[in-house]
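Reproduced below: entry.cif, with mmCIF, C-alpha atoms and all ligand atoms.
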data_target
loop_
_atom_site.label_atom_id
_atom_site.label_comp_id
_atom_site.auth_asym_id
_atom_site.auth_seq_id
_atom_site.Cartn_x
_atom_site.Cartn_y
_atom_site.Cartn_z
CA MET X 1 0.00 0.00 0.00
CA LYS X 2 2.85 2.33 0.84
CA LEU X 3 4.51 1.74 -2.50
CA LEU X 4 1.32 2.62 -4.25
CA GLU X 5 1.11 5.93 -2.44
CA ILE X 6 4.68 6.80 -3.33
CA SER X 7 4.18 5.99 -6.98
CA GLU X 8 1.01 8.08 -6.98
CA GLN X 9 3.05 11.04 -5.86
CA HIS X 10 5.72 10.50 -8.49
CA PRO X 11 4.06 9.62 -11.72
CA LYS X 12 6.47 9.11 -14.57
CA VAL X 13 5.94 10.10 -18.17
CA TYR X 14 7.29 8.16 -21.16
CA ILE X 15 7.18 8.77 -24.90
CA VAL X 16 5.84 5.59 -26.54
CA GLY X 17 4.89 3.86 -29.76
CA GLY X 18 5.42 5.35 -33.20
CA ALA X 19 7.33 8.40 -31.94
CA VAL X 20 10.11 6.24 -30.42
CA ARG X 21 10.27 4.08 -33.54
CA ASP X 22 10.46 7.10 -35.84
CA LYS X 23 13.08 8.80 -33.67
CA LEU X 24 15.32 5.71 -33.82
CA LEU X 25 14.83 5.62 -37.59
CA GLY X 26 15.82 9.28 -37.83
CA ARG X 27 12.36 10.21 -39.08
CA GLU X 28 10.23 13.08 -37.87
CA PRO X 29 7.37 11.58 -35.80
CA LYS X 30 3.84 12.52 -36.95
CA ASP X 31 2.60 12.92 -33.41
CA VAL X 32 3.97 12.10 -29.99
CA ASP X 33 2.05 9.81 -27.62
CA TYR X 34 2.80 9.67 -23.91
CA VAL X 35 2.16 7.05 -21.27
CA VAL X 36 1.93 8.03 -17.61
CA VAL X 37 2.93 5.43 -15.01
CA GLY X 38 1.85 5.69 -11.39
CA ALA X 39 -1.04 8.14 -11.80
CA THR X 40 -4.81 8.01 -11.44
CA PRO X 41 -7.48 9.73 -13.55
CA GLU X 42 -8.08 12.17 -10.67
CA TYR X 43 -4.38 13.06 -10.61
CA MET X 44 -4.47 13.94 -14.30
CA GLU X 45 -7.68 15.92 -14.06
CA ASN X 46 -6.40 17.88 -11.07
CA ARG X 47 -3.50 19.00 -13.23
CA GLY X 48 -5.72 20.36 -15.97
CA PHE X 49 -5.67 17.37 -18.34
CA SER X 50 -9.00 16.64 -19.99
CA ARG X 51 -10.19 13.10 -20.47
CA VAL X 52 -10.92 11.97 -24.04
CA GLY X 53 -10.95 8.16 -23.98
CA ALA X 54 -14.28 6.61 -23.12
CA ASP X 55 -13.09 2.98 -22.81
CA PHE X 56 -9.69 3.65 -21.32
CA PRO X 57 -8.11 6.70 -19.67
CA VAL X 58 -6.52 8.95 -22.28
CA PHE X 59 -6.07 12.66 -21.57
CA LEU X 60 -5.15 15.76 -23.54
CA HIS X 61 -2.39 18.01 -22.25
CA PRO X 62 -3.95 21.38 -21.32
CA LYS X 63 -1.54 23.35 -23.55
CA THR X 64 0.07 21.10 -26.17
CA LYS X 65 -3.05 18.90 -26.63
CA ASP X 66 -0.73 15.87 -26.92
CA GLU X 67 -2.25 12.55 -25.81
CA TYR X 68 -1.29 11.16 -22.41
CA ALA X 69 -2.62 7.68 -21.62
CA LEU X 70 -2.42 6.03 -18.23
CA ALA X 71 -0.33 2.86 -18.42
CA ARG X 72 -2.73 -0.04 -18.88
CA THR X 73 -3.00 -3.72 -19.57
CA GLU X 74 -5.65 -5.21 -21.81
CA ARG X 75 -7.11 -8.65 -22.06
CA LYS X 76 -9.60 -9.84 -24.61
CA THR X 77 -12.74 -11.16 -22.95
CA GLY X 78 -15.26 -11.25 -25.78
CA SER X 79 -15.65 -10.58 -29.48
CA GLY X 80 -15.54 -7.23 -31.28
CA TYR X 81 -13.86 -3.98 -30.28
CA LYS X 82 -15.64 -3.69 -26.97
CA GLY X 83 -14.73 -7.10 -25.58
CA PHE X 84 -11.66 -5.91 -23.66
CA GLU X 85 -10.90 -5.91 -19.98
CA THR X 86 -8.66 -2.97 -19.18
CA ARG X 87 -6.65 -2.43 -16.01
CA PHE X 88 -5.09 0.95 -15.33
CA ASP X 89 -4.28 1.30 -11.66
CA PRO X 90 -1.03 3.07 -10.66
CA SER X 91 0.79 -0.25 -10.20
CA VAL X 92 0.79 -0.99 -13.97
CA THR X 93 4.40 -0.64 -15.15
CA ILE X 94 5.70 0.71 -18.43
CA GLU X 95 6.75 -2.85 -19.35
CA ASP X 96 3.16 -4.05 -18.74
CA ASP X 97 1.88 -1.32 -21.03
CA LEU X 98 4.40 -2.15 -23.78
CA ALA X 99 3.45 -5.84 -23.64
CA ARG X 100 -0.10 -5.13 -24.91
CA ARG X 101 1.20 -3.52 -28.10
CA ASP X 102 1.24 -4.96 -31.60
CA LEU X 103 4.81 -5.02 -32.91
CA THR X 104 8.25 -5.01 -31.30
CA ILE X 105 9.18 -1.86 -33.25
CA ASN X 106 6.09 -0.18 -31.75
CA ALA X 107 6.63 -1.48 -28.23
CA MET X 108 9.44 0.75 -27.01
CA ALA X 109 9.33 3.67 -24.59
CA LEU X 110 11.67 6.64 -24.19
CA ASP X 111 12.28 8.28 -20.83
CA PRO X 112 12.54 11.96 -21.82
CA GLU X 113 14.48 12.83 -18.66
CA THR X 114 17.30 10.33 -19.15
CA ASN X 115 16.89 9.50 -22.87
CA GLU X 116 16.87 5.83 -21.83
CA ILE X 117 15.01 3.50 -24.18
CA ILE X 118 12.90 0.81 -22.56
CA ASP X 119 12.85 -2.05 -25.04
CA PRO X 120 11.69 -5.33 -23.47
CA PHE X 121 10.94 -7.11 -26.79
CA GLY X 122 13.98 -6.33 -28.91
CA GLY X 123 12.36 -3.58 -30.98
CA ARG X 124 15.64 -1.78 -31.54
CA GLN X 125 17.30 -4.88 -32.92
CA ASP X 126 14.31 -5.56 -35.18
CA LEU X 127 14.54 -2.00 -36.48
CA GLN X 128 18.23 -2.50 -37.24
CA ARG X 129 17.57 -5.84 -38.89
CA LYS X 130 14.54 -4.40 -40.67
CA ILE X 131 12.05 -6.93 -39.31
CA ILE X 132 8.38 -6.52 -38.46
CA ARG X 133 7.61 -8.94 -35.63
CA HIS X 134 4.67 -9.28 -33.27
CA VAL X 135 5.22 -8.78 -29.53
CA GLY X 136 3.27 -11.80 -28.33
CA GLU X 137 0.14 -13.87 -28.70
CA ALA X 138 -1.94 -10.82 -27.68
CA PHE X 139 -1.37 -9.61 -31.24
CA ALA X 140 -4.32 -11.82 -32.14
CA GLU X 141 -6.66 -9.78 -29.95
CA ASP X 142 -7.02 -7.11 -32.62
CA PRO X 143 -7.33 -8.37 -36.22
CA LEU X 144 -6.71 -4.84 -37.53
CA ARG X 145 -3.09 -5.54 -36.69
CA VAL X 146 -2.89 -7.83 -39.72
CA LEU X 147 -3.50 -4.77 -41.87
CA ARG X 148 -1.11 -2.68 -39.78
CA VAL X 149 1.71 -5.16 -40.41
CA ALA X 150 1.02 -4.91 -44.13
CA ARG X 151 0.93 -1.10 -43.93
CA PHE X 152 4.20 -0.84 -42.00
CA ARG X 153 5.80 -3.07 -44.62
CA ALA X 154 4.50 -0.69 -47.32
CA ARG X 155 6.10 2.17 -45.42
CA TYR X 156 9.49 0.74 -44.48
CA GLY X 157 9.94 -2.18 -46.89
CA PHE X 158 11.01 -4.40 -43.94
CA ASP X 159 10.56 -8.18 -43.95
CA VAL X 160 7.81 -9.71 -41.85
CA ALA X 161 9.03 -12.39 -39.41
CA PRO X 162 7.86 -15.86 -40.50
CA GLU X 163 6.22 -16.46 -37.11
CA THR X 164 4.23 -13.25 -37.54
CA ILE X 165 3.02 -14.37 -40.97
CA GLN X 166 1.98 -17.69 -39.36
CA LEU X 167 -0.01 -15.85 -36.69
CA MET X 168 -1.60 -13.58 -39.29
CA LYS X 169 -2.74 -16.68 -41.17
CA LYS X 170 -4.58 -17.87 -38.08
CA LEU X 171 -6.52 -14.60 -37.93
CA ASN X 172 -8.28 -15.00 -41.25
CA ASN X 173 -11.68 -15.67 -39.72
CA GLU X 174 -11.45 -12.64 -37.45
CA LEU X 175 -10.77 -10.33 -40.38
CA LYS X 176 -14.42 -10.56 -41.37
CA ALA X 177 -15.38 -8.78 -38.15
CA LEU X 178 -13.48 -5.60 -39.09
CA THR X 179 -15.63 -2.65 -40.06
CA LYS X 180 -15.48 -1.44 -43.66
CA GLU X 181 -14.34 2.01 -42.52
CA ARG X 182 -11.33 0.69 -40.62
CA VAL X 183 -10.22 -1.55 -43.47
CA TRP X 184 -10.61 1.22 -46.03
CA GLN X 185 -8.72 3.62 -43.79
CA GLU X 186 -5.75 1.23 -43.59
CA LEU X 187 -5.88 0.68 -47.34
CA GLU X 188 -5.88 4.43 -48.03
CA LYS X 189 -2.99 4.98 -45.63
CA ALA X 190 -1.03 2.14 -47.26
CA MET X 191 -1.61 3.70 -50.67
CA SER X 192 0.19 6.85 -49.54
CA GLU X 193 3.28 4.91 -48.45
CA THR X 194 6.39 4.41 -50.58
CA ARG X 195 5.56 0.83 -51.58
CA PRO X 196 1.76 0.32 -51.66
CA ASP X 197 2.33 -2.94 -53.53
CA LEU X 198 3.92 -4.44 -50.42
CA PHE X 199 0.67 -3.90 -48.49
CA PHE X 200 -1.14 -6.28 -50.84
CA ASP X 201 1.86 -8.57 -51.18
CA THR X 202 1.94 -9.04 -47.39
CA LEU X 203 -1.79 -9.73 -47.21
CA LYS X 204 -1.36 -12.26 -50.00
CA LYS X 205 1.48 -13.99 -48.13
CA SER X 206 -0.68 -14.35 -45.01
CA ASP X 207 -3.66 -15.61 -47.08
CA SER X 208 -5.58 -12.57 -45.82
CA LEU X 209 -6.10 -10.97 -49.22
CA ARG X 210 -8.44 -13.62 -50.57
CA THR X 211 -10.46 -13.58 -47.34
CA LEU X 212 -10.65 -9.83 -47.06
CA MET X 213 -10.79 -8.78 -50.71
CA PRO X 214 -11.83 -11.83 -52.74
CA GLU X 215 -12.77 -9.67 -55.75
CA LEU X 216 -9.25 -8.37 -56.19
CA THR X 217 -6.88 -9.89 -58.76
CA PHE X 218 -3.49 -8.77 -57.53
CA THR X 219 -0.88 -9.58 -60.18
CA ASN X 220 2.82 -8.78 -60.60
CA ARG X 221 1.81 -6.24 -63.20
CA VAL X 222 -0.47 -4.46 -60.71
CA ALA X 223 2.31 -4.54 -58.11
CA ARG X 224 4.67 -2.86 -60.58
CA LEU X 225 2.07 -0.25 -61.56
CA LEU X 226 1.45 0.63 -57.90
CA ARG X 227 5.10 1.57 -57.47
CA ASN X 228 4.61 4.73 -59.53
CA PRO X 229 4.85 7.55 -56.95
CA SER X 230 3.25 10.17 -59.19
CA LEU X 231 -0.23 8.59 -59.11
CA SER X 232 -2.99 10.18 -57.01
CA LEU X 233 -5.03 8.06 -54.59
CA PRO X 234 -7.97 7.58 -57.02
CA GLN X 235 -5.49 6.62 -59.75
CA LYS X 236 -3.81 4.10 -57.45
CA ILE X 237 -7.15 2.46 -56.69
CA ALA X 238 -7.93 2.34 -60.41
CA VAL X 239 -4.53 0.81 -61.16
CA LEU X 240 -5.02 -1.65 -58.29
CA LEU X 241 -8.10 -2.89 -60.13
CA ALA X 242 -6.41 -3.04 -63.55
CA ASP X 243 -6.46 -6.85 -63.70
CA THR X 244 -9.80 -7.25 -61.91
CA THR X 245 -12.94 -7.74 -64.01
CA PRO X 246 -15.22 -4.68 -64.36
CA GLN X 247 -17.92 -6.45 -62.33
CA ASP X 248 -15.53 -7.37 -59.53
CA ALA X 249 -14.10 -3.84 -59.56
CA GLN X 250 -17.60 -2.49 -59.09
CA ASN X 251 -18.24 -4.97 -56.27
CA PHE X 252 -14.94 -3.92 -54.68
CA VAL X 253 -15.71 -0.19 -54.55
CA GLN X 254 -19.25 -0.87 -53.38
CA ARG X 255 -18.38 -3.34 -50.66
CA TRP X 256 -15.67 -1.14 -49.20
CA LYS X 257 -17.79 1.98 -49.59
CA ALA X 258 -15.04 3.75 -51.51
CA PRO X 259 -15.57 7.52 -51.46
CA ASN X 260 -17.32 9.09 -54.45
CA HIS X 261 -14.25 10.80 -55.90
CA ILE X 262 -12.66 7.35 -56.19
CA ARG X 263 -15.70 5.68 -57.76
CA ALA X 264 -15.96 8.60 -60.20
CA LEU X 265 -12.62 7.55 -61.67
CA VAL X 266 -12.68 3.77 -61.18
CA LEU X 267 -16.03 3.03 -62.83
CA PRO X 268 -15.50 4.89 -66.15
CA PHE X 269 -11.87 3.69 -66.11
CA LYS X 270 -12.94 0.04 -66.02
CA LEU X 271 -15.63 0.60 -68.64
CA MET X 272 -13.18 2.29 -71.00
CA GLN X 273 -10.49 -0.32 -70.32
CA LYS X 274 -12.86 -3.09 -71.31
CA THR X 275 -13.99 -1.31 -74.47
CA LEU X 276 -10.58 -0.17 -75.62
CA GLU X 277 -8.82 -3.45 -74.88
CA LYS X 278 -11.24 -5.13 -77.26
CA SER X 279 -10.35 -2.66 -79.98
CA SER X 280 -8.41 0.57 -79.66
CA GLN X 281 -8.99 1.55 -83.30
CA ILE X 282 -11.85 4.01 -83.21
CA ASP X 283 -13.69 6.03 -85.78
CA GLY X 284 -15.21 9.45 -85.14
CA GLN X 285 -18.62 8.24 -84.01
CA ARG X 286 -17.12 5.76 -81.57
CA ALA X 287 -14.84 8.46 -80.17
CA VAL X 288 -17.84 10.69 -79.62
CA ASN X 289 -19.75 7.87 -77.90
CA LEU X 290 -16.83 7.12 -75.59
CA ILE X 291 -16.34 10.77 -74.68
CA GLN X 292 -20.04 10.80 -73.90
CA ALA X 293 -19.70 7.64 -71.78
CA MET X 294 -16.97 9.35 -69.73
CA ASP X 295 -19.20 12.41 -69.30
CA GLY X 296 -16.39 14.22 -71.10
CA TRP X 297 -18.48 17.11 -72.43
CA ARG X 298 -19.64 18.10 -68.98
CA THR X 299 -16.48 17.28 -67.00
CA PRO X 300 -13.51 17.28 -69.39
CA ALA X 301 -10.86 17.25 -66.62
CA LYS X 302 -12.33 14.07 -65.11
CA ALA X 303 -12.46 12.38 -68.51
CA GLN X 304 -8.85 13.39 -69.15
CA LEU X 305 -7.89 11.76 -65.84
CA VAL X 306 -9.58 8.54 -67.00
CA LEU X 307 -7.53 8.65 -70.21
CA ASP X 308 -4.30 9.45 -68.34
CA THR X 309 -4.87 6.52 -65.99
CA LEU X 310 -5.60 4.19 -68.91
CA LYS X 311 -2.25 5.23 -70.40
CA GLU X 312 -0.57 4.23 -67.13
CA ILE X 313 -1.75 0.65 -67.60
CA GLY X 314 -0.75 0.60 -71.26
CA VAL X 315 -4.13 1.06 -72.96
CA ASN X 316 -3.84 2.85 -76.29
CA VAL X 317 -5.93 6.01 -76.05
CA ALA X 318 -4.19 7.99 -78.80
CA ASP X 319 -7.19 8.13 -81.17
CA ILE X 320 -9.75 9.07 -78.59
CA GLU X 321 -7.41 11.65 -77.08
CA ARG X 322 -6.92 13.30 -80.46
CA ALA X 323 -10.68 13.43 -81.00
CA PHE X 324 -11.25 14.79 -77.51
CA ASP X 325 -8.58 17.51 -77.90
CA ALA X 326 -10.04 18.66 -81.21
CA ALA X 327 -13.56 18.72 -79.78
CA LEU X 328 -12.57 20.71 -76.71
CA ARG X 329 -10.88 23.38 -78.85
CA VAL X 330 -14.30 24.32 -80.27
CA THR X 331 -15.69 27.46 -78.62
CA PHE X 332 -18.47 30.02 -79.11
CA ASN X 333 -16.18 31.85 -81.56
CA ASP X 334 -16.40 28.93 -84.00
CA LEU X 335 -20.13 29.49 -84.56
CA THR X 336 -21.08 31.34 -87.76
CA PRO X 337 -21.92 35.09 -87.44
CA GLU X 338 -25.58 34.24 -88.16
CA GLN X 339 -25.63 31.61 -85.40
CA LYS X 340 -24.03 34.05 -82.96
CA ASN X 341 -26.74 36.64 -83.75
CA SER X 342 -29.80 34.42 -83.89
CA LEU X 343 -29.27 31.59 -81.38
CA GLN X 344 -30.55 31.98 -77.84
CA GLY X 345 -29.84 30.21 -74.49
CA ALA X 346 -29.64 26.44 -74.73
CA GLU X 347 -29.53 26.57 -78.57
CA ILE X 348 -26.01 27.99 -78.37
CA GLY X 349 -24.80 25.03 -76.33
CA LYS X 350 -26.42 22.62 -78.77
CA ALA X 351 -24.77 24.27 -81.77
CA ILE X 352 -21.35 24.15 -80.08
CA GLN X 353 -21.89 20.50 -79.25
CA LYS X 354 -22.65 19.76 -82.90
CA LEU X 355 -19.40 21.43 -83.97
CA ARG X 356 -17.52 19.45 -81.32
CA ILE X 357 -18.84 16.19 -82.66
CA THR X 358 -17.79 17.16 -86.18
CA ALA X 359 -14.33 18.17 -84.92
CA ALA X 360 -13.95 14.87 -83.06
CA LYS X 361 -14.97 12.92 -86.17
CA ASN X 362 -12.60 14.90 -88.41
CA ALA X 363 -9.70 14.34 -86.02
CA THR X 364 -10.05 10.56 -86.18
CA ARG X 365 -10.28 10.29 -89.98
N1 LIG X 401 -1.14 0.02 -31.22
C1 LIG X 401 -1.31 -1.36 -31.09
N2 LIG X 401 -2.30 -1.99 -31.79
C2 LIG X 401 -3.12 -1.29 -32.62
C3 LIG X 401 -2.96 0.11 -32.77
C4 LIG X 401 -1.95 0.74 -32.05
O1 LIG X 401 -0.57 -1.98 -30.36
N3 LIG X 401 -4.08 -1.92 -33.28
C5 LIG X 401 -0.08 0.69 -30.43
C6 LIG X 401 1.31 0.61 -31.03
O2 LIG X 401 2.23 0.57 -29.96
C7 LIG X 401 1.45 1.93 -31.78
C8 LIG X 401 0.69 2.88 -30.86
O3 LIG X 401 -0.36 2.09 -30.30
O4 LIG X 401 2.77 2.32 -31.95
C9 LIG X 401 0.13 4.11 -31.54
O5 LIG X 401 -0.72 3.73 -32.58
P1 LIG X 401 -0.93 4.59 -33.89
O6 LIG X 401 -0.86 6.05 -33.57
O7 LIG X 401 -2.10 4.05 -34.62
O8 LIG X 401 0.30 4.19 -34.81
P2 LIG X 401 1.80 4.58 -34.83
O9 LIG X 401 2.60 3.39 -34.42
O10 LIG X 401 2.06 5.85 -34.07
O11 LIG X 401 2.07 4.74 -36.37
P3 LIG X 401 1.72 5.92 -37.37
O12 LIG X 401 3.06 6.48 -37.70
O13 LIG X 401 1.08 5.21 -38.52
O14 LIG X 401 0.80 6.85 -36.67
#

Turn this file's structure into structure tokens for me.
Ligand code: CTP
Amino acid sequence: MKLLEISEQHPKVYIVGGAVRDKLLGREPKDVDYVVVGATPEYMENRGFSRVGADFPVFLHPKTKDEYALARTERKTGSGYKGFETRFDPSVTIEDDLARRDLTINAMALDPETNEIIDPFGGRQDLQRKIIRHVGEAFAEDPLRVLRVARFRARYGFDVAPETIQLMKKLNNELKALTKERVWQELEKAMSETRPDLFFDTLKKSDSLRTLMPELTFTNRVARLLRNPSLSLPQKIAVLLADTTPQDAQNFVQRWKAPNHIRALVLPFKLMQKTLEKSSQIDGQRAVNLIQAMDGWRTPAKAQLVLDTLKEIGVNVADIERAFDAALRVTFNDLTPEQKNSLQGAEIGKAIQKLRITAAKNATR
């Protein structure tokens, strides 16, 4: 009891998780998370911290707004995100807190007063050896960690320890319980990393890809295409679906509730891919129909993005691009003087459209 009182008077703060990992890698951490050992919620609140965590005690610093969590242990007691038993009394040590974490490289703490690194699971060595390894069997308590492993591999290009891949394989059934939002969030984050292809490659190696995303056909070609750093997120999703059938691509964006700006590229992209891969030779009328199908008259920039993305996967869009360019050069000034004088309102738009179609046809002769 005495010990407890002493530790309550001398809580200790540690920097934990991603910030320690990034510091050791010489990278600028995105945000800094703290763990407080030897404190109670009342202690934190008395010092002006405001509580934010509903399920476990996390507080915001009154000035910096950084997150300070009380050291805690967790044990899975049921299914889903809520089925956790959390213990956070002042006797929980920093080592206890680190033991509940996912990966050795994420399970280190830094004492900011002494600069000492607390590393009970060999995270520093794994960083040096470039290995992603789980801390312990508790990894299995959160199936999202399967996706996190894949995402960290996309970021750092490290190898995944064989025993971690084995454990990931065992979690296939649990993956189905993940919410669509959380899966999509991980996928989007992975897409912004240096090697998005390694996200899917890792999920394939752990047999998770066919459980989680059965529609997806992930080929070597798609992997190579994903390594192009100049693609935007919607373009990366389109390219990801390059070897997937149009129907499966549609199922994919629907099932994962992909945001509208992504669907707006992926759906016309797949339609055009299918049409142009059958035959890329197009006459004027076909060019006009395809521009129409891409909604190119109304939203030329979006249609151009579809064409640019098709080029990325090697589809020949030269003819349609020529037609489109010629059509878009037509303006009000190309109407005859009589038309300019006599036409009113919507008639003007119609007359311009007619000239555009003629220009598109002429360009593909
Ligand atoms: N953590 C965990 N299991 C999870 C999520 C998080 O063990 N499913 C732990 C890890 O120790 C992780 C820390 O909580 O380092 C913070 O998580 P988060 O901010 O999501 O990730 P970071 O590791 O900081 O990585 P990022 O750079 O992507 O933010």

| query | What's the 12 Å shell around Gln254 in chain X, counting only C-alpha atoms, without same-chain residues fewer than 3 positions away, as a list of chain:residue names? | reply | X:Lys180, X:Trp184, X:Met213, X:Glu215, X:Gln247, X:Asp248, X:Ala249, X:Gln250, X:Asn251, X:Lys257, X:Ala258, X:Pro259, X:Asn260, X:Ile262, X:Arg263, X:Val266, X:Leu267

| task | Write as a list in words the residues around ligand LIG 401 (chain X), taking 7 Å as the cut-off and counting only C-alpha atoms and all ligand atoms. | result | Gly17, Gly18, Ala19, Pro29, Lys30, Arg100, Arg101, Asp102, Leu103, Asn106, Ala107, Asp142, Leu144 and Arg145 of chain X

| field | Using only C-alpha atoms: which of X:Val52, X:Ile132, X:Val35, X:Ile352 has the shortest distance to Ile94 in chain X | value |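 Of all the options, X:Val35 lies closest to Ile94 in chain X.
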
| request: Give me, please, the distance in Å between CA of Arg21 in chain X and CA of Val92 in chain X, quoted to one decimal. | output: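 If I compute the distance from CA of Arg21 in chain X to CA of Val92 in chain X, I get 22.3 Å.
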
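CA of Pro196 in chain X is found 20.0 Å from CA of Asp308 in chain X.
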
| query | Skipping near chain neighbours, those fewer than 4 positions away, what residues fall within 10 Å of Glu277 in chain X using all atoms listed in the file, listed as a PyMOL selection string? | reply | chain X and resi 272-273+281+314-317

| task | One decimal, Å: what's the distance from CA of Lys189 in chain X over to CA of Pro234 in chain X, could you say? | result | 12.7 Å

| Close residues, Ala39 in chain X itself excluded, 7 Å, all atoms listed in the file, min 2 positions apart in chain, as a count of residues only | 8

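Shortest separation to Asp243 in chain X among X:Pro268, X:Met168, X:Val183, X:Ile313 occurs at residue X:Ile313, atoms counted being all atoms listed in the file.
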
| Counting all atoms listed in the file, the residue of X:Asn220, X:Thr104, X:Asn115, X:Ser230 that sits nearest Lys130 in chain X |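 That would be X:Thr104, the residue with the smallest distance to Lys130 in chain X.
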
| task | Identify which of the residues X:Glu74, X:Glu347, X:Asp33, X:Asp22 lies closest to Ala138 in chain X, counting only C-alpha atoms when measuring atom-to-atom distances. | result | X:Glu74

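Using all atoms listed in the file, the shortest contact distance between Lys12 in chain X and any of X:Leu25, X:Gly38, X:Met44, X:Ala190 is found at X:Gly38.
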
| Looking at all atoms listed in the file, which of X:Pro112, X:Thr77, X:Glu28, X:Asp295 is the one that sits closest to Val13 in chain X? |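 Nearest to Val13 in chain X: X:Pro112.
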
Please rebuild range 325-344 of chain X with N, CA and C atoms and return the result as a short mmCIF file (atom, residue, chain, number, x, y, z; two decimals), keeping the file's coordinate frame.
data_model
loop_
_atom_site.label_atom_id
_atom_site.label_comp_id
_atom_site.auth_asym_id
_atom_site.auth_seq_id
_atom_site.Cartn_x
_atom_site.Cartn_y
_atom_site.Cartn_z
N ASP X 325 -9.30 16.22 -77.83
CA ASP X 325 -8.58 17.51 -77.90
C ASP X 325 -9.23 18.43 -78.93
N ALA X 326 -9.47 17.86 -80.12
CA ALA X 326 -10.04 18.66 -81.21
C ALA X 326 -11.41 19.19 -80.79
N ALA X 327 -12.21 18.33 -80.17
CA ALA X 327 -13.56 18.72 -79.78
C ALA X 327 -13.52 19.83 -78.73
N LEU X 328 -12.60 19.73 -77.81
CA LEU X 328 -12.57 20.71 -76.71
C LEU X 328 -12.03 22.08 -77.17
N ARG X 329 -11.37 22.08 -78.35
CA ARG X 329 -10.88 23.38 -78.85
C ARG X 329 -12.01 24.23 -79.44
N VAL X 330 -13.16 23.59 -79.70
CA VAL X 330 -14.30 24.32 -80.27
C VAL X 330 -14.89 25.24 -79.18
N THR X 331 -15.08 26.52 -79.57
CA THR X 331 -15.69 27.46 -78.62
C THR X 331 -16.81 28.24 -79.31
N PHE X 332 -17.41 29.15 -78.59
CA PHE X 332 -18.47 30.02 -79.11
C PHE X 332 -18.00 30.73 -80.39
N ASN X 333 -16.71 31.10 -80.42
CA ASN X 333 -16.18 31.85 -81.56
C ASN X 333 -16.22 31.06 -82.87
N ASP X 334 -16.36 29.75 -82.78
CA ASP X 334 -16.40 28.93 -84.00
C ASP X 334 -17.79 28.90 -84.63
N LEU X 335 -18.79 29.43 -83.96
CA LEU X 335 -20.13 29.49 -84.56
C LEU X 335 -20.10 30.51 -85.70
N THR X 336 -21.02 30.37 -86.66
CA THR X 336 -21.08 31.34 -87.76
C THR X 336 -21.65 32.65 -87.21
N PRO X 337 -21.36 33.80 -87.91
CA PRO X 337 -21.92 35.09 -87.44
C PRO X 337 -23.44 35.03 -87.30
N GLU X 338 -24.10 34.33 -88.24
CA GLU X 338 -25.58 34.24 -88.16
C GLU X 338 -26.00 33.51 -86.88
N GLN X 339 -25.29 32.39 -86.62
CA GLN X 339 -25.63 31.61 -85.40
C GLN X 339 -25.44 32.48 -84.16
N LYS X 340 -24.32 33.21 -84.13
CA LYS X 340 -24.03 34.05 -82.96
C LYS X 340 -25.14 35.07 -82.74
N ASN X 341 -25.69 35.61 -83.87
CA ASN X 341 -26.74 36.64 -83.75
C ASN X 341 -28.09 36.05 -83.39
N SER X 342 -28.40 34.88 -84.01
CA SER X 342 -29.80 34.42 -83.89
C SER X 342 -30.03 33.44 -82.74
N LEU X 343 -28.99 32.64 -82.38
CA LEU X 343 -29.27 31.59 -81.38
C LEU X 343 -29.40 32.16 -79.97
N GLN X 344 -30.27 31.52 -79.21
CA GLN X 344 -30.55 31.98 -77.84
C GLN X 344 -30.32 30.84 -76.84
#
